[in-house]
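Chemist: You'll find input39.tsv just under this line, and it carries TSV, C-alpha atoms.
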chain	number	residue	atom	x	y	z
A	282	MET	CA	0.00	0.00	0.00
A	283	LYS	CA	1.37	3.39	-0.99
A	284	VAL	CA	0.74	6.30	1.37
A	285	SER	CA	1.61	9.94	0.81
A	286	PRO	CA	4.26	11.48	3.13
A	287	GLY	CA	1.89	13.83	4.93
A	288	LYS	CA	-0.75	11.20	5.56
A	289	LEU	CA	1.84	8.65	6.69
A	290	TRP	CA	3.38	11.12	9.14
A	291	GLY	CA	-0.09	12.10	10.36
A	292	LEU	CA	-1.11	8.51	11.03
A	293	ARG	CA	2.06	8.02	13.03
A	294	ARG	CA	1.38	11.23	14.98
A	295	LEU	CA	-2.17	10.17	15.85
A	296	SER	CA	-1.22	6.74	17.18
A	297	ASP	CA	1.07	5.55	19.95
A	298	ASP	CA	4.47	4.04	19.22
A	299	SER	CA	2.90	0.65	18.51
A	300	GLY	CA	0.36	2.01	16.00
A	301	ARG	CA	-2.71	1.98	18.24
A	302	PHE	CA	-5.07	4.96	18.45
A	303	LYS	CA	-5.87	6.29	21.94
A	304	MET	CA	-7.76	9.43	21.00
A	305	LEU	CA	-9.82	11.82	23.11
A	306	ALA	CA	-12.86	13.59	21.64
A	307	MET	CA	-13.78	17.01	23.02
A	308	ASP	CA	-15.32	18.60	19.93
A	309	GLN	CA	-18.91	17.85	20.97
A	310	THR	CA	-21.67	20.38	20.40
A	311	GLY	CA	-24.91	19.43	22.16
A	312	PRO	CA	-23.41	17.19	24.86
A	313	ILE	CA	-21.43	20.14	26.20
A	314	VAL	CA	-23.43	23.20	25.16
A	315	ASN	CA	-26.91	22.00	26.12
A	316	PRO	CA	-26.12	21.05	29.75
A	317	ILE	CA	-24.38	24.40	30.22
A	318	LYS	CA	-27.44	26.26	28.90
A	319	GLN	CA	-29.76	24.25	31.12
A	320	LYS	CA	-27.74	24.71	34.29
A	321	ARG	CA	-27.15	28.40	33.65
A	322	GLY	CA	-30.75	28.97	32.56
A	323	VAL	CA	-29.71	30.82	29.41
A	324	ASP	CA	-30.45	30.55	25.68
A	325	ALA	CA	-26.79	30.56	24.63
A	326	ALA	CA	-23.94	28.91	26.51
A	327	PRO	CA	-21.32	31.53	27.47
A	328	PHE	CA	-17.97	31.16	25.77
A	329	SER	CA	-16.28	31.43	29.17
A	330	ASP	CA	-18.08	28.30	30.40
A	331	ILE	CA	-17.40	26.25	27.27
A	332	SER	CA	-13.80	27.36	27.30
A	333	ALA	CA	-13.32	26.51	30.98
A	334	VAL	CA	-14.78	23.03	30.48
A	335	LYS	CA	-12.72	22.22	27.39
A	336	GLY	CA	-9.57	23.63	28.93
A	337	MET	CA	-10.00	21.44	31.99
A	338	LEU	CA	-10.72	18.34	29.90
A	339	ALA	CA	-7.51	18.92	27.98
A	340	GLU	CA	-5.47	19.61	31.09
A	341	TYR	CA	-6.38	16.37	32.82
A	342	LEU	CA	-7.01	13.96	29.95
A	343	ALA	CA	-4.87	14.99	26.97
A	344	PRO	CA	-1.60	13.80	28.59
A	345	HIS	CA	-3.00	10.25	28.55
A	346	THR	CA	-3.91	10.16	24.86
A	347	SER	CA	-2.13	9.68	21.57
A	348	ALA	CA	-4.27	12.41	19.96
A	349	VAL	CA	-7.00	14.94	20.77
A	350	LEU	CA	-9.98	15.99	18.64
A	351	VAL	CA	-11.13	19.59	19.07
A	352	ASP	CA	-13.39	22.04	17.26
A	353	PRO	CA	-12.22	25.39	15.82
A	354	PRO	CA	-14.98	27.66	17.25
A	355	PHE	CA	-14.39	26.84	20.93
A	356	GLY	CA	-12.07	23.90	21.48
A	357	TYR	CA	-8.79	24.88	19.87
A	358	ALA	CA	-8.21	28.24	21.54
A	359	SER	CA	-9.50	26.89	24.85
A	360	ALA	CA	-7.49	23.69	24.95
A	361	VAL	CA	-4.37	23.98	22.82
A	362	HIS	CA	-2.15	25.27	25.63
A	363	ALA	CA	-2.99	22.21	27.74
A	364	ILE	CA	-2.44	19.64	24.98
A	365	PRO	CA	1.09	18.23	25.14
A	366	PRO	CA	3.11	19.25	22.07
A	367	ARG	CA	3.89	15.63	21.24
A	368	THR	CA	0.20	14.70	21.16
A	369	GLY	CA	-1.51	14.37	17.80
A	370	LEU	CA	-4.08	17.01	16.89
A	371	ILE	CA	-7.35	16.49	14.98
A	372	LEU	CA	-9.65	19.35	14.02
A	373	ALA	CA	-13.27	18.96	13.00
A	374	THR	CA	-14.64	20.71	9.93
A	375	GLU	CA	-18.17	20.85	11.34
A	376	TRP	CA	-19.64	22.18	14.59
A	377	ALA	CA	-23.45	22.37	14.56
A	378	THR	CA	-23.28	23.47	10.92
A	379	TRP	CA	-25.51	20.81	9.41
A	380	VAL	CA	-28.85	21.66	7.80
A	381	VAL	CA	-31.91	19.70	8.93
A	382	THR	CA	-34.47	18.82	6.23
A	383	GLU	CA	-37.43	16.46	6.29
A	384	GLY	CA	-35.46	14.08	4.10
A	385	GLY	CA	-32.23	14.08	6.07
A	386	ARG	CA	-29.33	16.16	7.37
A	387	LYS	CA	-26.86	17.94	5.12
A	388	SER	CA	-23.31	18.26	6.42
A	389	SER	CA	-21.19	21.35	5.79
A	390	ASN	CA	-17.94	22.95	6.91
A	391	ILE	CA	-17.61	25.58	9.58
A	392	PRO	CA	-17.54	28.87	7.65
A	393	GLN	CA	-13.99	29.78	6.58
A	394	TRP	CA	-12.64	26.41	7.78
A	395	ASP	CA	-11.48	23.54	5.60
A	396	ALA	CA	-8.60	21.11	5.25
A	397	GLY	CA	-6.27	23.91	4.18
A	398	GLU	CA	-6.90	25.97	7.31
A	399	ILE	CA	-6.62	22.87	9.49
A	400	ARG	CA	-3.28	21.95	7.91
A	401	LYS	CA	-2.10	25.54	8.22
A	402	ILE	CA	-2.74	25.60	11.96
A	403	GLY	CA	-0.56	22.53	12.39
A	404	ALA	CA	-3.11	19.76	12.86
A	405	ASP	CA	-2.41	16.17	11.88
A	406	ALA	CA	-5.89	15.20	10.68
A	407	VAL	CA	-9.26	16.47	9.50
A	408	LYS	CA	-12.38	14.92	11.05
A	409	VAL	CA	-15.75	15.00	9.33
A	410	ASN	CA	-19.01	13.81	10.81
A	411	LEU	CA	-21.03	12.63	7.84
A	412	TRP	CA	-24.64	12.24	8.93
A	413	PHE	CA	-25.76	9.25	6.91
A	414	ARG	CA	-28.56	6.73	6.67
A	415	SER	CA	-29.58	4.64	3.69
A	416	ASP	CA	-33.16	5.95	3.45
A	417	VAL	CA	-32.48	9.69	3.01
A	418	ASP	CA	-34.02	11.61	0.12
A	419	PRO	CA	-32.03	11.34	-3.14
A	420	GLU	CA	-31.22	15.06	-3.02
A	421	VAL	CA	-29.80	14.72	0.50
A	422	ARG	CA	-27.81	11.66	-0.50
A	423	ALA	CA	-26.33	13.53	-3.48
A	424	HIS	CA	-25.40	16.45	-1.22
A	425	GLN	CA	-23.70	14.19	1.34
A	426	LEU	CA	-21.72	12.30	-1.29
A	427	ALA	CA	-20.63	15.57	-2.94
A	428	TYR	CA	-19.58	16.97	0.44
A	429	LEU	CA	-17.66	13.79	1.22
A	430	GLN	CA	-15.85	13.97	-2.12
A	431	SER	CA	-14.94	17.63	-1.59
A	432	VAL	CA	-13.31	16.84	1.75
A	433	LYS	CA	-11.44	13.88	0.28
A	434	GLU	CA	-10.03	16.10	-2.44
A	435	ALA	CA	-9.11	18.87	0.00
A	436	CYS	CA	-7.31	16.43	2.30
A	437	LYS	CA	-5.42	14.98	-0.65
A	438	ALA	CA	-4.42	18.44	-1.88
A	439	ASN	CA	-3.15	19.37	1.59
A	440	ASP	CA	-1.70	15.90	2.26
A	441	ILE	CA	-3.41	15.52	5.62
A	442	VAL	CA	-5.11	12.53	7.22
A	443	PHE	CA	-8.87	12.27	6.64
A	444	LEU	CA	-10.74	10.74	9.57
A	445	LEU	CA	-14.34	9.99	8.56
A	446	GLU	CA	-17.12	9.54	11.10
A	447	PHE	CA	-20.59	8.16	10.38
A	448	LEU	CA	-23.60	8.75	12.62
A	449	ILE	CA	-27.20	7.69	12.18
A	450	TYR	CA	-29.97	10.01	13.38
A	451	PRO	CA	-33.77	10.53	13.43
A	452	PHE	CA	-35.64	12.54	10.81
A	453	PRO	CA	-37.55	15.58	12.17
A	454	HIS	CA	-40.91	13.79	11.90
A	455	GLU	CA	-39.60	10.49	13.27
A	456	ASP	CA	-39.84	9.06	16.77
A	457	PRO	CA	-36.23	8.92	18.02
A	458	ASN	CA	-37.05	5.63	19.72
A	459	LEU	CA	-37.41	4.03	16.30
A	460	VAL	CA	-33.76	4.84	15.60
A	461	VAL	CA	-32.81	3.32	18.93
A	462	GLN	CA	-34.80	0.18	18.17
A	463	ASN	CA	-33.38	-0.12	14.65
A	464	ARG	CA	-29.80	0.90	15.45
A	465	THR	CA	-28.23	-2.38	14.36
A	466	ARG	CA	-29.92	-2.44	10.98
A	467	MET	CA	-29.37	1.26	10.30
A	468	VAL	CA	-25.67	1.21	11.21
A	469	LEU	CA	-24.96	-1.87	9.11
A	470	GLU	CA	-26.96	-0.54	6.15
A	471	ALA	CA	-25.09	2.77	6.19
A	472	LEU	CA	-21.73	1.01	6.33
A	473	SER	CA	-22.56	-1.30	3.45
A	474	ASP	CA	-23.34	1.53	1.02
A	475	PRO	CA	-20.73	1.20	-1.78
A	476	ASP	CA	-20.63	4.93	-2.59
A	477	VAL	CA	-20.23	6.26	0.90
A	478	MET	CA	-17.79	3.48	1.87
A	479	ASP	CA	-15.46	4.01	-1.10
A	480	PRO	CA	-12.10	4.05	0.72
A	481	ASP	CA	-10.29	6.21	-1.81
A	482	GLY	CA	-9.20	9.29	0.11
A	483	VAL	CA	-10.24	8.02	3.56
A	484	ASP	CA	-7.50	7.09	6.04
A	485	VAL	CA	-9.34	6.15	9.26
A	486	TYR	CA	-13.00	5.47	10.03
A	487	LYS	CA	-14.61	6.53	13.31
A	488	LEU	CA	-17.66	4.33	13.88
A	489	GLU	CA	-20.49	3.78	16.32
A	490	ALA	CA	-21.16	0.25	17.49
A	491	PRO	CA	-23.83	-1.81	15.68
A	492	ILE	CA	-25.61	-2.51	19.00
A	493	HIS	CA	-27.54	-0.54	21.59
A	494	VAL	CA	-25.66	2.15	23.49
A	495	HIS	CA	-26.48	0.81	26.95
A	496	ASN	CA	-26.74	-2.60	28.63
A	497	VAL	CA	-24.02	-4.13	26.49
A	498	PRO	CA	-23.78	-7.92	26.91
A	499	GLU	CA	-20.72	-9.28	28.65
A	500	PRO	CA	-18.00	-10.13	26.08
A	501	ASP	CA	-17.69	-13.62	27.54
A	502	GLY	CA	-21.37	-14.12	28.35
A	503	PRO	CA	-24.10	-16.16	26.65
A	504	GLU	CA	-24.98	-13.38	24.17
A	505	ALA	CA	-21.39	-12.61	23.21
A	506	ALA	CA	-21.24	-14.76	20.08
A	507	ASP	CA	-24.25	-13.04	18.50
A	508	VAL	CA	-22.95	-9.58	19.35
A	509	GLN	CA	-19.51	-10.42	17.98
A	510	LYS	CA	-21.05	-11.44	14.66
A	511	LEU	CA	-22.47	-7.92	14.29
A	512	PHE	CA	-19.10	-6.28	14.92
A	513	ASP	CA	-17.41	-8.73	12.56
A	514	LYS	CA	-19.99	-7.99	9.88
A	515	MET	CA	-19.40	-4.26	10.25
A	516	ALA	CA	-15.64	-4.67	10.13
A	517	GLY	CA	-15.88	-6.81	7.02
A	518	ASN	CA	-17.00	-3.78	5.00
A	519	LEU	CA	-14.05	-1.61	6.03
A	520	LYS	CA	-11.11	-1.09	3.71
A	521	ARG	CA	-9.19	1.16	6.09
A	522	PRO	CA	-8.27	1.08	9.80
A	523	TRP	CA	-11.07	2.04	12.17
A	524	VAL	CA	-11.70	3.21	15.70
A	525	LEU	CA	-14.75	3.04	17.93
A	526	LEU	CA	-16.62	6.05	19.33
A	527	SER	CA	-18.52	5.93	22.61
A	528	ALA	CA	-21.86	7.49	21.48
A	529	GLY	CA	-22.81	8.42	25.03
A	530	ALA	CA	-22.21	4.97	26.50
A	531	GLY	CA	-21.26	4.74	30.15
A	532	PRO	CA	-17.71	3.74	31.07
A	533	GLU	CA	-18.33	0.04	31.66
A	534	ASP	CA	-20.52	-0.35	28.58
A	535	PHE	CA	-17.85	1.33	26.49
A	536	LEU	CA	-15.18	-1.04	27.77
A	537	LYS	CA	-17.35	-3.99	26.77
A	538	LYS	CA	-17.90	-2.53	23.30
A	539	LEU	CA	-14.18	-2.07	22.89
A	540	VAL	CA	-13.57	-5.75	23.55
A	541	TYR	CA	-15.96	-6.66	20.72
A	542	ALA	CA	-14.44	-4.00	18.46
A	543	TYR	CA	-10.88	-5.12	19.11
A	544	ARG	CA	-11.80	-8.73	18.46
A	545	ALA	CA	-13.16	-7.49	15.12
A	546	GLY	CA	-9.90	-5.71	14.28
A	547	ALA	CA	-10.37	-2.12	15.46
A	548	SER	CA	-7.17	-0.12	15.90
A	549	GLY	CA	-8.24	1.92	18.91
A	550	TYR	CA	-10.78	4.45	20.06
A	551	LEU	CA	-11.78	8.08	19.60
A	552	ALA	CA	-14.12	8.75	22.50
A	553	GLY	CA	-15.26	11.53	24.77
A	554	ARG	CA	-18.39	11.18	26.87
A	555	ALA	CA	-17.62	7.68	28.16
A	556	ILE	CA	-14.46	9.20	29.60
A	557	TRP	CA	-15.49	12.64	30.88
A	558	ALA	CA	-19.31	12.82	31.06
A	559	GLN	CA	-19.55	11.85	34.72
A	560	ALA	CA	-17.09	14.57	35.64
A	561	PHE	CA	-18.91	17.11	33.47
A	562	ASP	CA	-22.11	16.29	35.35
A	563	GLN	CA	-20.63	18.31	38.22
A	564	PHE	CA	-20.73	21.56	36.21
A	565	PRO	CA	-20.86	24.42	37.21
A	566	ASP	CA	-18.98	23.23	40.30
A	567	MET	CA	-15.58	23.31	38.63
A	568	LYS	CA	-13.72	22.06	41.70
A	569	ALA	CA	-15.97	18.99	41.85
A	570	MET	CA	-15.49	18.48	38.11
A	571	GLU	CA	-11.74	18.72	38.56
A	572	SER	CA	-11.81	16.13	41.33
A	573	LYS	CA	-13.86	13.73	39.22
A	574	LEU	CA	-11.51	14.12	36.28
A	575	ARG	CA	-8.47	13.49	38.44
A	576	ASP	CA	-9.84	10.69	40.60
A	577	GLU	CA	-12.15	8.85	38.18
A	578	ALA	CA	-11.70	9.86	34.54
A	579	VAL	CA	-7.91	9.53	34.47
A	580	PRO	CA	-7.90	6.06	36.08
A	581	PHE	CA	-10.62	5.01	33.64
A	582	MET	CA	-8.46	6.19	30.74
A	583	HIS	CA	-5.67	4.00	32.05
A	584	ARG	CA	-8.04	1.02	31.91
A	585	VAL	CA	-9.10	1.87	28.36
A	586	ASN	CA	-5.50	2.34	27.27
A	587	GLU	CA	-4.39	-0.93	28.84
A	588	LEU	CA	-7.16	-2.76	26.99
A	589	THR	CA	-6.19	-0.99	23.77
A	590	GLU	CA	-2.54	-1.92	24.15
A	591	ARG	CA	-3.48	-5.52	24.81
A	592	MET	CA	-6.16	-6.09	22.16
A	593	ALA	CA	-6.29	-3.40	19.46
A	594	ARG	CA	-4.78	-4.09	16.05
A	595	PRO	CA	-2.02	-1.63	15.04
A	596	TRP	CA	-3.21	0.40	12.07
A	597	GLN	CA	-0.25	-0.78	10.00
A	598	GLU	CA	-1.55	-4.34	10.30
A	599	HIS	CA	-5.01	-3.68	8.89
A	600	SER	CA	-5.72	-5.98	5.97
A	601	SER	CA	-6.07	-3.02	3.58
A	602	TRP	CA	-2.35	-2.31	3.84
A	603	GLN	CA	-1.63	-5.73	2.32
A	604	GLY	CA	1.27	-6.40	4.64
A	605	SER	CA	3.48	-3.43	3.76
A	606	ILE	CA	3.37	0.37	3.66
A	607	GLU	CA	5.40	2.37	1.21
A	608	MET	CA	5.76	6.13	1.33
A	609	ASP	CA	5.02	7.56	-2.10
A	610	PRO	CA	6.88	9.43	-3.47
A	611	SER	CA	10.20	8.34	-2.03
A	612	GLY	CA	13.79	7.76	-3.12
A	613	PRO	CA	16.32	10.13	-4.68
A	614	ASP	CA	13.69	12.13	-6.61
A	615	PHE	CA	11.47	12.67	-3.56
A	616	ALA	CA	11.77	16.47	-3.43
A	617	LYS	CA	11.05	16.92	-7.13
A	618	LEU	CA	8.20	14.42	-7.26
A	619	TYR	CA	6.51	15.52	-4.07
A	620	GLY	CA	6.56	19.15	-5.01
A	621	LYS	CA	5.09	18.32	-8.40
A	622	ALA	CA	2.39	16.10	-6.87
A	623	ARG	CA	1.17	18.90	-4.63
Take the structure from the file and write it as structure tokens.

Modeler:
Amino acid sequence: MKVSPGKLWGLRRLSDDSGRFKMLAMDQTGPIVNPIKQKRGVDAAPFSDISAVKGMLAEYLAPHTSAVLVDPPFGYASAVHAIPPRTGLILATEWATWVVTEGGRKSSNIPQWDAGEIRKIGADAVKVNLWFRSDVDPEVRAHQLAYLQSVKEACKANDIVFLLEFLIYPFPHEDPNLVVQNRTRMVLEALSDPDVMDPDGVDVYKLEAPIHVHNVPEPDGPEAADVQKLFDKMAGNLKRPWVLLSAGAGPEDFLKKLVYAYRAGASGYLAGRAIWAQAFDQFPDMKAMESKLRDEAVPFMHRVNELTERMARPWQEHSSWQGSIEMDPSGPDFAKLYGKAR
């Protein structure tokens, strides 16, 4: 498998020395903004509150990760000083910028932000959340595929890692419980779509589990074999390394999901709420939040990292790499060829 120099360096920056991804997500919109609004009793969450929360998350948790995912509007300026300089950096292109229609959600970039700006600021990867389900209106599907292609091309032009996330969701007129009940089918259908799963231009997938968020069966219990089949089926469609997101799962449920994911060949995690949500519940008592991060979230991260080191598949060993990775271009004409390629 041939990999461009920038993408190869970025993949190495995002993973630990063994090639496993231990990545912290703190780019969330609603899960951070909405609780702040509710507890403050305001219509718009103050920047000072969002900044304080994200800065504290970075201070306590970033040192225990291989990479951190932040958002440009609030996360970067709030957290960058607390992120260790040797930690990989991922920036999202979207932050509550999607358009809701009756036939589905349309993703879009944060105004004035794209792969070029993200590369310019020094990040190692671009993350896109592509809202996707197989039953969207044709016009929405065309928009999402065009948006996906535009990001692929921008990441290629700027030679930066493209980390693609898929999330299912309810339509405006739809009972959200139906999505919960049909999660397995909807996730697997979305990840079997040949157009959206075309790996050309994608470097890492960030995926939600094909099972319910809560009450995850024990990995060695009587239901484990059936659950594992679902993870294996999902992984069978993937032509690039992948990581698991937490999707609001509690800590213990997330650990169980990771076992299934790692058995199916996942190369790590990119998670947020499973790690820091219980500490964030203490907001606006920042001292209590700090104590929870220090005494509970950090030890939990150690458990997640130990499991990852023991079970996750290094990204270099994913079957798509066909046993070897070659930087392209390389050799004595590298400078001339690389400059021409860009």

Chemist: Sorted by chain and rising residue number, list the residues of stretch 363-392 of chain A at most 6 Å from stretch 409-423 of chain A (counting only C-alpha atoms), each with its closest atom pair and distance in Å to one decimal, as a Markdown table.

Modeler:
| residue | atom | partner | partner_atom | distance |
| --- | --- | --- | --- | --- |
| A:Ala373 | CA | A:Val409 | CA | 5.9 |
| A:Thr374 | CA | A:Val409 | CA | 5.8 |
| A:Gly384 | CA | A:Asp418 | CA | 4.9 |
| A:Gly385 | CA | A:Val417 | CA | 5.4 |

Chemist: First collect every listed atom of stretch 507-521 of chain A; then fit an axis-aligned box around them, widen it by 4 Å on each side, and give centre and edge lengths in Å to one decimal, as AutoDock Vina command-line options.

Modeler:
--center_x -16.7 --center_y -5.9 --center_z 11.5 --size_x 23.1 --size_y 22.2 --size_z 23.6

Chemist: Of the residues A:Asp562, A:Glu504, A:Asp479, A:Glu499, which is the one nearest to A:Pro312, using only C-alpha atoms?

Modeler: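 Under the stated criterion, the closest residue is A:Asp562.
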
Chemist: So that I can see what lies close to A:Val540, please list as a PyMOL selection string the residues with an atom at most 8 Å from it, counting all atoms listed in the file and leaving out residues fewer than 3 positions away in the same chain.

Modeler: chain A and resi 500+536-537+543-544+588+592

Chemist: Just give me the gap between atom CA of A:Leu295 and atom CA of A:Leu350 in Å, one decimal is fine.

Modeler: 10.1 Å

Chemist: Using all atoms listed in the file for the distances, tell me which of A:Gly322, A:Thr368, A:Leu511, A:Leu338 is nearest to A:Ser572.

Modeler: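 Answer, going by the shortest atom-to-atom distance: A:Leu338.
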
Chemist: Under the rule that all atoms listed in the file are counted, which of A:Ile364, A:Val381, A:Leu426, A:Ala616 is the nearest residue to A:Met337?

Modeler: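 Smallest separation from A:Met337 among the options: A:Ile364.
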
Chemist: What gap, in Å, lies between atom CA of A:Asp440 and atom CA of A:Gly287?

Modeler: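 Result for atom CA of A:Asp440 versus atom CA of A:Gly287: 4.9 Å, one decimal.
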
Chemist: Which is closest to A:Ser473 among A:His424, A:Lys433, A:Lys514, A:His495, if we use all atoms listed in the file?

Modeler: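 Ranked by minimum distance to A:Ser473, first place goes to A:Lys514.
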
Chemist: Env of A:Arg554: 7 Å cut, atoms = all atoms listed in the file, seq-sep filter 2 positions within chain, self excluded. Answer as a list in words.

Modeler: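 Non-adjacent residues within range: Ser527, Gly529, Ala552, Ile556, Trp557 and Ala558 of chain A.
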
Chemist: Residues near A:Lys520, anyone? I mean within 9 Å using only C-alpha atoms, not counting same-chain ones fewer than 2 positions away, as a ChimeraX atom specification.

Modeler: /A:478-480,516-518,522,599-602

Chemist: Would you compute the distance between atom CA of A:Ile313 and atom CA of A:Ile331? Give it in Å to one decimal.

Modeler: 7.4 Å

Chemist: Tell me, as a count of residues only, which residues lie within 12 Å of stretch 402-404 of chain A, counting only C-alpha atoms; anything in the same chain fewer than 2 positions away does not count.

Modeler: 41

Chemist: Check the smallest atom-to-atom distance from each of A:Val461, A:Ala506, A:Val483, A:Ala363 to A:Lys437 using all atoms listed in the file, then report the winner.

Modeler: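 Nearest to A:Lys437: A:Val483.
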
Chemist: Find the residues around A:Lys573 up to 10 Å (all atoms listed in the file counted), leave out those fewer than 3 positions away in its own chain, and share them as a PyMOL selection string.

Modeler: chain A and resi 557-563+567-570+576-579

Chemist: With all atoms listed in the file as the atoms that count, which of A:Tyr541, A:Phe328, A:Tyr486, A:Trp523 lies nearest to A:Pro498?

Modeler: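 Of A:Tyr541, A:Phe328, A:Tyr486, A:Trp523, the one nearest A:Pro498 is A:Tyr541, counting all atoms listed in the file.
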
Chemist: Which polymer residues, whether protein, DNA or RNA, lie within 10 Å of the coordinate (-17.7, 0.5, 31.3) when you count all atoms listed in the file? List them as a ChimeraX atom specification, using the chain letters and numbers from the file.

Modeler: /A:495-497,530-539,555-556,581,584-585
